[in-house]
Amino acid sequence: QVQLVESGGGLVQAGGSLRLSCAASGRTFSDYAMGWFRQAPGKEREFVAAISWSGSHTYYADSVKGRFTISRANAINTVYLQMRSLKPEDTAVYYCAVDRHRMTLRDPRDQDEYDYWGQGTQVTVSS
């Protein structure tokens, strides 16, 4: 059974930084792309970032490009989201997800690309 557990969320002032982690189990982690999504109150869940199974390709939403960095450590089955220069509009519950396709990443921004999701971690950025 696939399990994804996010951690690292919290309350931070605008301009601050946080690093989210997502620990994965139940699938050969190094064979699957991973993604981060977020959902703010009253809004739909949206794409934030994705990384290919090897880590050689990364993808970002325009709203976070240049501020967030996605990375992965396949040896410990973990994907990270380093967030810098945080803004109040980054406030949301952040979810990690694993691609349903082995060693294929068709559309990293499409939520249907992913078949398992974590429970989410809250990020709150105060102004």
# chains A, B, ... in the order shown; residues from 1 in each chain; ligands from 1
>>> residues_around(residues="Trp36 of chain A", least_positions_apart="4", cutoff="10 Å", atoms="only C-alpha atoms", output="PDB file with C-alpha atoms, in the first residue's frame")
ATOM      1  CA  LEU A  20       8.293  20.660   3.258  1.00  0.00           C
ATOM      2  CA  CYS A  22       7.122  14.039   1.868  1.00  0.00           C
ATOM      3  CA  GLU A  46      -3.679  23.726  -7.779  1.00  0.00           C
ATOM      4  CA  PHE A  47      -0.363  22.533  -9.103  1.00  0.00           C
ATOM      5  CA  VAL A  48       2.790  23.841  -7.434  1.00  0.00           C
ATOM      6  CA  ALA A  49       5.754  21.767  -8.614  1.00  0.00           C
ATOM      7  CA  ALA A  50       6.735  18.355  -9.944  1.00  0.00           C
ATOM      8  CA  ILE A  51       9.904  16.360 -10.400  1.00  0.00           C
ATOM      9  CA  TYR A  60       6.823  24.827 -11.522  1.00  0.00           C
ATOM     10  CA  ILE A  70      11.494  20.830  -5.639  1.00  0.00           C
ATOM     11  CA  VAL A  79      10.684  14.562  -1.910  1.00  0.00           C
ATOM     12  CA  TYR A  80      11.169  18.131  -0.718  1.00  0.00           C
ATOM     13  CA  LEU A  81       9.709  21.514  -1.445  1.00  0.00           C
ATOM     14  CA  TYR A  94       0.163  21.502   0.695  1.00  0.00           C
ATOM     15  CA  TYR A  95      -0.129  17.959  -0.642  1.00  0.00           C
ATOM     16  CA  CYS A  96       2.404  15.660  -2.199  1.00  0.00           C
ATOM     17  CA  ALA A  97       1.354  13.072  -4.749  1.00  0.00           C
ATOM     18  CA  VAL A  98       2.922  10.187  -6.669  1.00  0.00           C
ATOM     19  CA  PRO A 108       2.916  17.109 -14.380  1.00  0.00           C
ATOM     20  CA  ARG A 109       0.279  19.815 -13.857  1.00  0.00           C
ATOM     21  CA  GLN A 111      -4.001  16.084 -10.968  1.00  0.00           C
ATOM     22  CA  TRP A 117      -1.922  11.695  -2.182  1.00  0.00           C
ATOM     23  CA  GLY A 118      -0.695  12.586   1.258  1.00  0.00           C
ATOM     24  CA  GLY A 120      -1.511  17.501   3.570  1.00  0.00           C
TER      25      GLY A 120
END
>>> residues_around(residues="Val12 of chain A", least_positions_apart="3", cutoff="8 Å", atoms="only C-alpha atoms", output="list in words")
Gly16, Ser17, Leu18, Val123, Thr124, Val125 and Ser126 of chain A
>>> closest_residue(among="A:Lys87, A:Arg106, A:Arg72, A:Arg67", to="Phe29 of chain A", atoms="only C-alpha atoms")
A:Arg72
>>> atom_distance(atom1="atom CA of Arg45 of chain A", atom2="atom CA of His57 of chain A")
22.5 Å
>>> atom_distance(atom1="atom CA of Asp90 of chain A", atom2="atom CA of Trp53 of chain A")
25.8 Å
>>> residues_around(residues="Arg100 of chain A", least_positions_apart="2", cutoff="9 Å", atoms="only C-alpha atoms", output="list in words")
Tyr32, Ala33, Val98, Arg102, Thr104, Leu105, Asp112, Glu113, Tyr114, Asp115 and Tyr116 of chain A
>>> write_last_selection(atoms="C-alpha atoms", output="JSON list (two decimals), in the first residue's frame")
[["chain", "number", "residue", "atom", "x", "y", "z"],
["A", 32, "TYR", "CA", 7.94, 7.50, -10.14],
["A", 33, "ALA", "CA", 7.58, 11.22, -10.62],
["A", 98, "VAL", "CA", 2.92, 10.19, -6.67],
["A", 102, "ARG", "CA", 6.11, 4.19, -13.82],
["A", 104, "THR", "CA", 6.65, 8.34, -17.31],
["A", 105, "LEU", "CA", 5.48, 11.89, -16.68],
["A", 112, "ASP", "CA", -5.17, 12.96, -12.79],
["A", 113, "GLU", "CA", -1.50, 12.18, -13.41],
["A", 114, "TYR", "CA", -1.24, 11.17, -9.75],
["A", 115, "ASP", "CA", -2.96, 8.30, -7.99],
["A", 116, "TYR", "CA", -1.91, 8.59, -4.37]]
>>> select_by_dssp(residues="chain A", states="strand (DSSP E or B)", output="PyMOL selection string")
chain A and resi 3-7+10-13+18-25+34-39+46-51+58-60+68-73+78-83+92-99+114-117+121-126
>>> write_last_selection(atoms="C-alpha atoms", output="PDB file, in the first residue's frame")
ATOM      1  CA  GLN A   3       1.659   5.954   1.790  1.00  0.00           C
ATOM      2  CA  LEU A   4       2.751   9.576   1.564  1.00  0.00           C
ATOM      3  CA  VAL A   5       3.372  11.590   4.703  1.00  0.00           C
ATOM      4  CA  GLU A   6       4.034  15.330   4.503  1.00  0.00           C
ATOM      5  CA  SER A   7       5.735  17.358   7.188  1.00  0.00           C
ATOM      6  CA  GLY A  10       3.779  25.841   9.923  1.00  0.00           C
ATOM      7  CA  LEU A  11       3.334  29.541  10.480  1.00  0.00           C
ATOM      8  CA  VAL A  12       5.875  31.910   8.978  1.00  0.00           C
ATOM      9  CA  GLN A  13       6.067  35.632   8.314  1.00  0.00           C
ATOM     10  CA  LEU A  18       9.943  26.713   4.961  1.00  0.00           C
ATOM     11  CA  ARG A  19      10.948  23.291   3.701  1.00  0.00           C
ATOM     12  CA  LEU A  20       8.293  20.660   3.258  1.00  0.00           C
ATOM     13  CA  SER A  21       9.113  16.970   3.182  1.00  0.00           C
ATOM     14  CA  CYS A  22       7.122  14.039   1.868  1.00  0.00           C
ATOM     15  CA  ALA A  23       8.135  10.537   2.894  1.00  0.00           C
ATOM     16  CA  ALA A  24       6.904   7.806   0.555  1.00  0.00           C
ATOM     17  CA  SER A  25       6.495   4.073   0.969  1.00  0.00           C
ATOM     18  CA  MET A  34       6.305  13.235  -7.684  1.00  0.00           C
ATOM     19  CA  GLY A  35       4.272  16.393  -7.418  1.00  0.00           C
ATOM     20  CA  TRP A  36       3.299  19.075  -4.932  1.00  0.00           C
ATOM     21  CA  PHE A  37      -0.111  20.717  -5.010  1.00  0.00           C
ATOM     22  CA  ARG A  38      -1.837  23.171  -2.689  1.00  0.00           C
ATOM     23  CA  GLN A  39      -5.338  24.174  -1.767  1.00  0.00           C
ATOM     24  CA  GLU A  46      -3.679  23.726  -7.779  1.00  0.00           C
ATOM     25  CA  PHE A  47      -0.363  22.533  -9.103  1.00  0.00           C
ATOM     26  CA  VAL A  48       2.790  23.841  -7.434  1.00  0.00           C
ATOM     27  CA  ALA A  49       5.754  21.767  -8.614  1.00  0.00           C
ATOM     28  CA  ALA A  50       6.735  18.355  -9.944  1.00  0.00           C
ATOM     29  CA  ILE A  51       9.904  16.360 -10.400  1.00  0.00           C
ATOM     30  CA  THR A  58      11.462  19.847 -12.655  1.00  0.00           C
ATOM     31  CA  TYR A  59       8.300  21.836 -13.327  1.00  0.00           C
ATOM     32  CA  TYR A  60       6.823  24.827 -11.522  1.00  0.00           C
ATOM     33  CA  PHE A  68      10.241  27.363  -4.657  1.00  0.00           C
ATOM     34  CA  THR A  69      12.555  24.449  -5.385  1.00  0.00           C
ATOM     35  CA  ILE A  70      11.494  20.830  -5.639  1.00  0.00           C
ATOM     36  CA  SER A  71      14.047  18.093  -5.082  1.00  0.00           C
ATOM     37  CA  ARG A  72      14.161  14.449  -4.149  1.00  0.00           C
ATOM     38  CA  ALA A  73      16.384  11.999  -2.300  1.00  0.00           C
ATOM     39  CA  THR A  78      11.676  11.568   0.185  1.00  0.00           C
ATOM     40  CA  VAL A  79      10.684  14.562  -1.910  1.00  0.00           C
ATOM     41  CA  TYR A  80      11.169  18.131  -0.718  1.00  0.00           C
ATOM     42  CA  LEU A  81       9.709  21.514  -1.445  1.00  0.00           C
ATOM     43  CA  GLN A  82      11.948  24.386  -0.393  1.00  0.00           C
ATOM     44  CA  MET A  83       9.884  27.559  -0.196  1.00  0.00           C
ATOM     45  CA  ALA A  92      -2.685  26.738   1.830  1.00  0.00           C
ATOM     46  CA  VAL A  93      -2.669  23.070   2.660  1.00  0.00           C
ATOM     47  CA  TYR A  94       0.163  21.502   0.695  1.00  0.00           C
ATOM     48  CA  TYR A  95      -0.129  17.959  -0.642  1.00  0.00           C
ATOM     49  CA  CYS A  96       2.404  15.660  -2.199  1.00  0.00           C
ATOM     50  CA  ALA A  97       1.354  13.072  -4.749  1.00  0.00           C
ATOM     51  CA  VAL A  98       2.922  10.187  -6.669  1.00  0.00           C
ATOM     52  CA  ASP A  99       2.570   9.624 -10.407  1.00  0.00           C
ATOM     53  CA  TYR A 114      -1.243  11.169  -9.755  1.00  0.00           C
ATOM     54  CA  ASP A 115      -2.956   8.300  -7.992  1.00  0.00           C
ATOM     55  CA  TYR A 116      -1.913   8.595  -4.366  1.00  0.00           C
ATOM     56  CA  TRP A 117      -1.922  11.695  -2.182  1.00  0.00           C
ATOM     57  CA  THR A 121       0.415  19.942   5.714  1.00  0.00           C
ATOM     58  CA  GLN A 122      -0.745  23.465   6.532  1.00  0.00           C
ATOM     59  CA  VAL A 123       1.381  26.435   5.535  1.00  0.00           C
ATOM     60  CA  THR A 124       0.312  29.818   6.849  1.00  0.00           C
ATOM     61  CA  VAL A 125       2.124  32.999   5.837  1.00  0.00           C
ATOM     62  CA  SER A 126       1.339  36.076   7.859  1.00  0.00           C
TER      63      SER A 126
END
>>> closest_residue(among="A:Gly55, A:Gly15, A:Gly8, A:Pro41", to="Thr91 of chain A", atoms="only C-alpha atoms")
A:Pro41
>>> closest_residue(among="A:Ser52, A:Ser63, A:Pro88, A:Asn77", to="Ala40 of chain A", atoms="only C-alpha atoms")
A:Pro88
>>> closest_residue(among="A:Ala75, A:Lys65, A:His101, A:Arg27", to="Gln1 of chain A", atoms="only C-alpha atoms")
A:Arg27
>>> atom_distance(atom1="atom CA of Gly42 of chain A", atom2="atom CA of Gly66 of chain A")
25.9 Å
>>> decode(residues="segment 88-119 of chain A", atoms="N, CA, C and O atoms", output="compact mmCIF listing (two decimals), in the first residue's frame")
# COMPACT_ATOMS: atom_id res chain seq x y z
N PRO A 88 1.74 35.95 1.67
CA PRO A 88 0.46 35.54 2.27
C PRO A 88 -0.38 34.68 1.32
O PRO A 88 -1.08 33.77 1.78
N GLU A 89 -0.28 34.93 0.03
CA GLU A 89 -1.06 34.14 -0.93
C GLU A 89 -0.54 32.71 -1.10
O GLU A 89 -1.15 31.91 -1.80
N ASP A 90 0.58 32.39 -0.48
CA ASP A 90 1.05 31.00 -0.47
C ASP A 90 0.38 30.18 0.63
O ASP A 90 0.58 28.96 0.70
N THR A 91 -0.40 30.83 1.46
CA THR A 91 -1.11 30.12 2.53
C THR A 91 -2.05 29.08 1.94
O THR A 91 -2.90 29.41 1.10
N ALA A 92 -1.89 27.84 2.37
CA ALA A 92 -2.69 26.74 1.83
C ALA A 92 -2.30 25.46 2.55
O ALA A 92 -1.31 25.41 3.29
N VAL A 93 -3.08 24.41 2.29
CA VAL A 93 -2.67 23.07 2.66
C VAL A 93 -1.89 22.51 1.47
O VAL A 93 -2.38 22.56 0.33
N TYR A 94 -0.71 22.02 1.74
CA TYR A 94 0.16 21.50 0.70
C TYR A 94 0.14 19.98 0.71
O TYR A 94 0.28 19.36 1.77
N TYR A 95 -0.04 19.40 -0.48
CA TYR A 95 -0.13 17.96 -0.64
C TYR A 95 0.97 17.46 -1.57
O TYR A 95 1.24 18.07 -2.61
N CYS A 96 1.55 16.33 -1.22
CA CYS A 96 2.40 15.66 -2.20
C CYS A 96 1.62 14.51 -2.83
O CYS A 96 0.65 14.01 -2.24
N ALA A 97 2.05 14.12 -4.01
CA ALA A 97 1.35 13.07 -4.75
C ALA A 97 2.37 12.30 -5.59
O ALA A 97 3.40 12.85 -5.99
N VAL A 98 2.04 11.04 -5.87
CA VAL A 98 2.92 10.19 -6.67
C VAL A 98 2.25 9.86 -8.01
O VAL A 98 1.04 9.61 -8.07
N ASP A 99 3.05 9.90 -9.06
CA ASP A 99 2.57 9.62 -10.41
C ASP A 99 2.04 8.20 -10.51
O ASP A 99 2.61 7.28 -9.94
N ARG A 100 0.97 8.03 -11.25
CA ARG A 100 0.40 6.69 -11.45
C ARG A 100 1.18 5.88 -12.49
O ARG A 100 1.02 4.67 -12.58
N HIS A 101 2.02 6.53 -13.28
CA HIS A 101 2.75 5.86 -14.35
C HIS A 101 4.22 5.68 -13.96
O HIS A 101 4.87 6.63 -13.56
N ARG A 102 4.70 4.48 -14.13
CA ARG A 102 6.11 4.19 -13.82
C ARG A 102 7.01 4.77 -14.90
O ARG A 102 6.80 4.55 -16.09
N MET A 103 7.98 5.56 -14.47
CA MET A 103 9.01 6.13 -15.34
C MET A 103 8.42 6.86 -16.55
O MET A 103 8.95 6.79 -17.66
N THR A 104 7.30 7.53 -16.29
CA THR A 104 6.65 8.34 -17.31
C THR A 104 6.02 9.54 -16.62
O THR A 104 5.45 9.40 -15.56
N LEU A 105 6.14 10.70 -17.22
CA LEU A 105 5.48 11.89 -16.68
C LEU A 105 4.85 12.61 -17.85
O LEU A 105 5.53 13.31 -18.59
N ARG A 106 3.54 12.42 -18.02
CA ARG A 106 2.86 12.91 -19.21
C ARG A 106 2.47 14.38 -19.07
O ARG A 106 2.69 15.18 -19.97
N ASP A 107 1.84 14.72 -17.96
CA ASP A 107 1.42 16.10 -17.72
C ASP A 107 1.55 16.39 -16.24
O ASP A 107 0.63 16.12 -15.46
N PRO A 108 2.68 16.93 -15.81
CA PRO A 108 2.92 17.11 -14.38
C PRO A 108 1.91 18.02 -13.69
O PRO A 108 1.76 17.96 -12.48
N ARG A 109 1.22 18.87 -14.45
CA ARG A 109 0.28 19.82 -13.86
C ARG A 109 -1.14 19.25 -13.71
O ARG A 109 -1.98 19.87 -13.07
N ASP A 110 -1.37 18.08 -14.27
CA ASP A 110 -2.69 17.47 -14.24
C ASP A 110 -2.83 16.59 -13.01
O ASP A 110 -2.07 15.65 -12.82
N GLN A 111 -3.83 16.87 -12.19
CA GLN A 111 -4.00 16.08 -10.97
C GLN A 111 -4.31 14.62 -11.27
O GLN A 111 -4.01 13.75 -10.46
N ASP A 112 -4.87 14.34 -12.42
CA ASP A 112 -5.17 12.96 -12.79
C ASP A 112 -3.90 12.16 -13.10
O ASP A 112 -3.97 10.94 -13.25
N GLU A 113 -2.78 12.85 -13.21
CA GLU A 113 -1.50 12.18 -13.41
C GLU A 113 -1.11 11.37 -12.18
O GLU A 113 -0.33 10.42 -12.27
N TYR A 114 -1.67 11.71 -11.05
CA TYR A 114 -1.24 11.17 -9.75
C TYR A 114 -2.35 10.30 -9.15
O TYR A 114 -3.53 10.63 -9.24
N ASP A 115 -1.93 9.20 -8.53
CA ASP A 115 -2.96 8.30 -7.99
C ASP A 115 -2.95 8.17 -6.48
O ASP A 115 -3.91 7.63 -5.91
N TYR A 116 -1.92 8.61 -5.83
CA TYR A 116 -1.91 8.59 -4.37
C TYR A 116 -1.49 9.97 -3.85
O TYR A 116 -0.59 10.61 -4.43
N TRP A 117 -2.13 10.38 -2.76
CA TRP A 117 -1.92 11.69 -2.18
C TRP A 117 -1.67 11.58 -0.69
O TRP A 117 -2.19 10.66 -0.02
N GLY A 118 -0.88 12.51 -0.17
CA GLY A 118 -0.69 12.59 1.26
C GLY A 118 -1.87 13.27 1.92
O GLY A 118 -2.83 13.70 1.26
N GLN A 119 -1.79 13.39 3.23
CA GLN A 119 -2.88 13.98 4.00
C GLN A 119 -2.81 15.51 4.03
O GLN A 119 -3.78 16.16 4.40
